[in-house]
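**Q** The structure is given below, and queries will be raised subsequently.
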Amino acid sequence: MGYSNLAISINKQNLSGDIWGGFAAMLVALPSAIAFGVTIFSPLGSEFGARGALAGMLGVATLGLIASLIGKTQRLISAPCAPAAAILSALTIQMNLQGIEFSTILLLLFLIVILSSGLQVTFGVLQIGKLIRYMPFTVVSGYLSGVGLIIILSQLPKWLALPKDVKLLAGLGNPSLWQIPSVIIGLVTAVIMVLGPKISNKVPAVIQGLFAGMITYFLLAFTLLPELLTLTNNHLVIGHFTASSDGMMEMILDPWKSIGRIALPSWTQVFIPAITLAVLLSIDTLKTCVVLDALTGSRHNSNRELIGQGVGNLMATLLGGVPGAGTMGATLVNKASGGNTHYSGVFQGLWALLAVLLLTPIIAWIPIASLSALLVVIGLKMIDWKSISLLRSKDTILDFLVILTVIIIANVFSLITASGVGVALAILMFIREQIHTSTIRNKAYGNKMFSKRFRSQSERQVLESEGASTVIFELQGSLFFGTTDQLYTAIEPEIDRAKYILLDFLRVQSLDVTAGHMIERIQHLINEKNSTLVITRLQENLPSGRDLKSYIDHIGVLSNKSTKLFDDINDALEWIEDKILIESGVVIDHLSAKPLRDFEIFSGLNEAELNALEKCSLLTAYKKDQNIFKAHTAGHELMLVAMGQVKITLDFHSGKKLHLSTLGQGQFFGEMSFVDGRPHSADATAMEDTIIIGISRACFKRLSNDDPLMEASILRSIALALSDRLRHLNKELLEAKEQ
């Protein structure tokens, strides 16, 4: 019951926040949309101004309802925006100067936006939107701060009510141009918004600030400035505008009437502006989504949002409205006012629709200074002040410079340009980081790093003496044109002295053709020295999806018969060790079975004792990959490898196997169960056709009762062999840690 009440409480809280957030966002989006609509249609004549205002309002209502329901990005507010106004107004001015008829211009604008909307939907269907997920944080931070600064700089003139022909810097330096009532109204609005959370947690700070600004406006009007009580020629408020049903219907039907009586324009007149508009609106929306994710920790669906924006713009155009995108200012106001879900966008659309029908008289009295002050406070909060701390360390200065560059370009040129430059700088920094990151994770020599195959003491002495002729390079990271020289410089000095060079590709994440040809060059140099290149663990499925093994094969590296390829580094090390032992005169006979009496463990026994042990022994043949025993099964034999190889592995619950050791001819295993009678602790598998000599524990016990000295000698040999293995393991672990 408690959980149910909590869910209801949370839903009510979300609903309340969405209603308040949608209302506040509408108050910010609607005036801007009206201005954008007027900007697009006013070049056609003053009589089109009202049509533009109505188109802007319809765009807010339609985009809020449609785009929010389909895109479902939390807190995102969609409305007519600057990129749409800039492109469409420029086209209107250009066509008007060319003497094109008004009806033809309206038809062209209609077709351009229709096609642009379809392209946005196509972007989403083709999943182009997911590319935005790879936007670097430095770009997001710079973009966020750049937008915040743009908002501040664009709203200060409105806050101060400067004349339109006065630049901001000139206006700031000349207080006589400031409209004192506007300054006071904006100041009260900003202060109340900042203190709002301390005043009340129930009413959003933005709404508190807006109401405080309106109250201040009317106090000034009733006490000191009675001229503010009229809307005529009053530049401190939004002002009077109306919307009629006849005008709305005319806007909806006009383009369709034109199609029947006007020749359709060429595709270049429509397609090029349409794709430009689609790209800019998509980028504007997705950038807002990225900033919103950074501020809230949420995660938007870029492709679904593009589809939502496309359908929203399509419906807005069909209903006579202005197209738009996810807008930063209204979205941030929505968030600051309590908007929690995508339904806040729907409520914004409903409020806008209600405003179109009923609230134009009230909206007309909202002070422009209040809206500007709200946006200035929001802009200050958007700036990533924490990024200044990146200056404290020389390791992060370049990251700060990327952020600063994005901010500067965003304010001097455009947000789109800033994003492109920021991504380019981030890519260059990534390449720089990769170039300065070592591609050699570890470098070892064959007299320090061994395979997991147990060797006799004499064999290990040979490997420790001659193993330095083997060089093992564990590669890592991205092998591309930027790191090729670094890798070649690390390997080249070893070519003159090494007999075997092993390249392990396990941790390689990517490889380009430049690095591939560098490996081919190394291969040729190694062959000229009569040495051998050994390649291990070529991944068939890199994170990029590339098959590294096939890629290197296509380059021609694997076609060289002198180059050896192994799937496992342990197999490669075993092969190299066998080669070194054979070249050093050590006889390795894998073809004939080793008799029991030739095992080193029994070297201290006399002929009678050996004969007795042979009577207890049993030869068993195993095929390749056949299990000799499994972990947790009963064990009662000491097992001797007479021929072949045995792999000892440990199974994990996850299904992975850990290769503990490889035992060859002359080695023994199963000694733990042989001594204590407990089940086996690991798995044993024949790596090739193998013959095992087994000595049962029960038979050995009977012999021990008659000959205690033999028991002591064999157990001592087992203990010494285990001690030798443990010391060898400790030495390998120490060497690995030092590397």
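Residue numbering restarts at 1 in every chain; chains get A, B, ... in the order shown in the structure tokens, and ligands count up from 1 in that same order.
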List as a PyMOL selection string the protein and nucleic acid residues near Ile105 (chain A), meaning an atom at most 10 Å away when only C-alpha atoms are counted, but skip any in the same chain fewer than 2 places from it.
**A** chain A and resi 44+91-96+99-103+107-111+255
**Q** Which residues come within 12 Å of Gly310 (chain A), counting only C-alpha atoms, excluding same-chain residues fewer than 4 positions away, as a ChimeraX atom specification?
**A** /A:62-63,66-68,70-71,78,113-125,277-279,281-282,285,303-306,314-317,323-326
**Q** Between CA of Phe271 (chain A) and CA of Ile409 (chain A), what is the distance, to one decimal in Å?
**A**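 About the pair CA of Phe271 (chain A) and CA of Ile409 (chain A): they are 28.6 Å apart.
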**Q** Considering only C-alpha atoms, tabulate each residue of region 389-458 of chain A that lies at most 12 Å from region 636-660 of chain A along with its nearest interatomic pair and the corresponding distance in Å to one decimal; arrange the rows by chain and ascending residue number and present them as a tab-separated table.
**A**
```
residue	atom	partner	partner_atom	distance
A:Ser451	CA	A:Leu660	CA	10.4
A:Lys452	CA	A:Leu660	CA	6.9
A:Arg453	CA	A:Lys647	CA	8.6
A:Phe454	CA	A:Leu660	CA	10.4
A:Arg455	CA	A:Gln645	CA	12.0
```
**Q** So, with only C-alpha atoms as the atoms that count, which of A:Asn411, A:Thr288, A:Asn442, A:Ser559 lies closest to Leu153 (chain A)?
**A**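 That would be A:Asn411, the residue with the smallest distance to Leu153 (chain A).
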**Q** Considering only C-alpha atoms, return as a PDB file with C-alpha atoms, in the first residue's frame whatever protein or nucleic-acid residues lie within 9 Å of Phe481 (chain A), sequence-local ones (same chain, fewer than 6 positions apart) excluded.
**A**
```
ATOM      1  CA  LEU A 511      44.822  -1.614 -37.164  1.00  0.00           C
ATOM      2  CA  ASP A 512      44.999   0.332 -40.415  1.00  0.00           C
ATOM      3  CA  VAL A 513      46.761  -0.410 -43.677  1.00  0.00           C
ATOM      4  CA  THR A 514      49.804   1.715 -42.746  1.00  0.00           C
ATOM      5  CA  ALA A 515      50.445  -0.385 -39.637  1.00  0.00           C
TER       6      ALA A 515
END
```
**Q** In Å, with one decimal, what is the gap from CA of Met429 (chain A) to CA of Leu487 (chain A)?
**A** 19.8 Å
**Q** Could you please determine the separation between CA of Ala369 (chain A) and CA of Phe413 (chain A) in Å, to one decimal place?
**A**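 Between CA of Ala369 (chain A) and CA of Phe413 (chain A) the gap is 26.3 Å.
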**Q** Counting only C-alpha atoms, figure out which residue out of A:Ala330, A:Ile693, A:Ala468, A:Leu210 gets nearest to Val60 (chain A).
**A**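 Between A:Ala330, A:Ile693, A:Ala468, A:Leu210, the residue approaching Val60 (chain A) most closely is A:Ala330.
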**Q** Considering only C-alpha atoms, return as an mmCIF file with N, CA and C atoms, in the first residue's frame whatever protein or nucleic-acid residues lie within 9 Å of region 348-361 of chain A, sequence-local ones (same chain, fewer than 4 positions apart) excluded.
**A**
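As written to disk, around-v4.cif reads:
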```
data_model
loop_
_atom_site.group_PDB
_atom_site.id
_atom_site.type_symbol
_atom_site.label_atom_id
_atom_site.label_comp_id
_atom_site.auth_asym_id
_atom_site.auth_seq_id
_atom_site.Cartn_x
_atom_site.Cartn_y
_atom_site.Cartn_z
ATOM 1 N N ASP A 18 5.288 19.117 -14.852
ATOM 2 C CA ASP A 18 5.128 19.197 -16.301
ATOM 3 C C ASP A 18 4.173 20.329 -16.694
ATOM 4 N N ILE A 19 3.120 20.509 -15.894
ATOM 5 C CA ILE A 19 2.165 21.590 -16.197
ATOM 6 C C ILE A 19 2.830 22.952 -16.031
ATOM 7 N N GLY A 21 6.110 23.560 -15.894
ATOM 8 C CA GLY A 21 7.217 23.681 -16.843
ATOM 9 C C GLY A 21 6.732 24.004 -18.239
ATOM 10 N N GLY A 22 5.637 23.330 -18.676
ATOM 11 C CA GLY A 22 5.077 23.603 -19.988
ATOM 12 C C GLY A 22 4.554 25.023 -20.106
ATOM 13 N N PHE A 23 3.954 25.524 -19.020
ATOM 14 C CA PHE A 23 3.437 26.889 -19.039
ATOM 15 C C PHE A 23 4.576 27.904 -19.160
ATOM 16 N N ALA A 24 5.628 27.712 -18.321
ATOM 17 C CA ALA A 24 6.766 28.631 -18.373
ATOM 18 C C ALA A 24 7.462 28.564 -19.731
ATOM 19 N N ALA A 25 7.606 27.344 -20.276
ATOM 20 C CA ALA A 25 8.253 27.195 -21.583
ATOM 21 C C ALA A 25 7.441 27.879 -22.672
ATOM 22 N N MET A 26 6.108 27.787 -22.567
ATOM 23 C CA MET A 26 5.252 28.459 -23.547
ATOM 24 C C MET A 26 5.456 29.971 -23.506
ATOM 25 N N LEU A 27 5.596 30.512 -22.284
ATOM 26 C CA LEU A 27 5.786 31.954 -22.154
ATOM 27 C C LEU A 27 7.084 32.412 -22.816
ATOM 28 N N ALA A 29 8.732 30.450 -25.339
ATOM 29 C CA ALA A 29 8.746 30.046 -26.746
ATOM 30 C C ALA A 29 7.802 30.882 -27.606
ATOM 31 N N LEU A 30 6.650 31.258 -27.044
ATOM 32 C CA LEU A 30 5.633 31.928 -27.851
ATOM 33 C C LEU A 30 6.084 33.292 -28.381
ATOM 34 N N LEU A 54 0.713 34.624 -36.371
ATOM 35 C CA LEU A 54 -0.167 33.463 -36.200
ATOM 36 C C LEU A 54 0.557 32.170 -36.565
ATOM 37 N N MET A 57 2.748 31.110 -33.664
ATOM 38 C CA MET A 57 1.967 30.528 -32.564
ATOM 39 C C MET A 57 1.504 29.114 -32.898
ATOM 40 N N LEU A 58 1.043 28.930 -34.136
ATOM 41 C CA LEU A 58 0.610 27.588 -34.536
ATOM 42 C C LEU A 58 1.784 26.609 -34.537
ATOM 43 N N VAL A 60 4.350 26.680 -32.471
ATOM 44 C CA VAL A 60 4.597 26.310 -31.069
ATOM 45 C C VAL A 60 3.617 25.238 -30.621
ATOM 46 N N ALA A 61 2.326 25.459 -30.904
ATOM 47 C CA ALA A 61 1.298 24.518 -30.456
ATOM 48 C C ALA A 61 1.466 23.143 -31.106
ATOM 49 N N THR A 62 1.655 23.130 -32.413
ATOM 50 C CA THR A 62 1.725 21.851 -33.132
ATOM 51 C C THR A 62 2.991 21.075 -32.778
ATOM 52 N N LEU A 63 4.140 21.740 -32.787
ATOM 53 C CA LEU A 63 5.395 21.057 -32.452
ATOM 54 C C LEU A 63 5.363 20.522 -31.028
ATOM 55 N N GLY A 64 4.801 21.313 -30.106
ATOM 56 C CA GLY A 64 4.721 20.844 -28.725
ATOM 57 C C GLY A 64 3.914 19.572 -28.595
ATOM 58 N N LEU A 65 2.796 19.514 -29.295
ATOM 59 C CA LEU A 65 1.928 18.344 -29.191
ATOM 60 C C LEU A 65 2.494 17.128 -29.923
ATOM 61 N N ILE A 66 2.929 17.321 -31.161
ATOM 62 C CA ILE A 66 3.325 16.189 -32.004
ATOM 63 C C ILE A 66 4.740 15.708 -31.702
ATOM 64 N N SER A 68 6.720 16.147 -29.165
ATOM 65 C CA SER A 68 6.928 15.627 -27.802
ATOM 66 C C SER A 68 6.352 14.232 -27.642
ATOM 67 N N ILE A 77 11.653 20.913 -25.239
ATOM 68 C CA ILE A 77 10.608 21.773 -25.782
ATOM 69 C C ILE A 77 10.942 22.087 -27.236
ATOM 70 N N SER A 78 10.015 21.786 -28.124
ATOM 71 C CA SER A 78 10.191 22.055 -29.546
ATOM 72 C C SER A 78 9.335 23.250 -29.942
ATOM 73 N N GLY A 239 2.971 43.037 -26.301
ATOM 74 C CA GLY A 239 2.090 43.828 -27.144
ATOM 75 C C GLY A 239 0.909 43.059 -27.681
ATOM 76 N N HIS A 240 0.005 43.781 -28.325
ATOM 77 C CA HIS A 240 -1.279 43.225 -28.757
ATOM 78 C C HIS A 240 -1.160 42.463 -30.079
ATOM 79 N N PHE A 241 -1.799 41.299 -30.143
ATOM 80 C CA PHE A 241 -1.956 40.573 -31.401
ATOM 81 C C PHE A 241 -3.188 39.691 -31.279
ATOM 82 N N THR A 242 -3.785 39.324 -32.388
ATOM 83 C CA THR A 242 -5.002 38.515 -32.390
ATOM 84 C C THR A 242 -4.880 37.379 -33.387
ATOM 85 N N ALA A 243 -5.748 36.381 -33.219
ATOM 86 C CA ALA A 243 -5.796 35.247 -34.147
ATOM 87 C C ALA A 243 -7.255 34.923 -34.432
ATOM 88 N N SER A 244 -7.610 34.821 -35.715
ATOM 89 C CA SER A 244 -8.984 34.521 -36.099
ATOM 90 C C SER A 244 -9.050 33.173 -36.802
ATOM 91 N N ASN A 334 11.786 25.200 -19.061
ATOM 92 C CA ASN A 334 10.936 24.074 -18.690
ATOM 93 C C ASN A 334 11.567 23.270 -17.560
ATOM 94 N N TYR A 343 5.959 14.847 -21.334
ATOM 95 C CA TYR A 343 4.621 15.429 -21.324
ATOM 96 C C TYR A 343 4.654 16.931 -21.048
ATOM 97 N N SER A 344 5.771 17.426 -20.496
ATOM 98 C CA SER A 344 5.881 18.877 -20.320
ATOM 99 C C SER A 344 5.848 19.575 -21.668
ATOM 100 N N TRP A 365 0.655 41.568 -21.982
ATOM 101 C CA TRP A 365 1.149 42.412 -20.887
ATOM 102 C C TRP A 365 2.411 41.860 -20.226
#
```
**Q** Have a look at A:Ala53, A:Ile283, A:Ser717, A:Lys615 and name the one nearest to Gly320 (chain A); count only C-alpha atoms.
**A**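 Of all the options, A:Ala53 lies closest to Gly320 (chain A).
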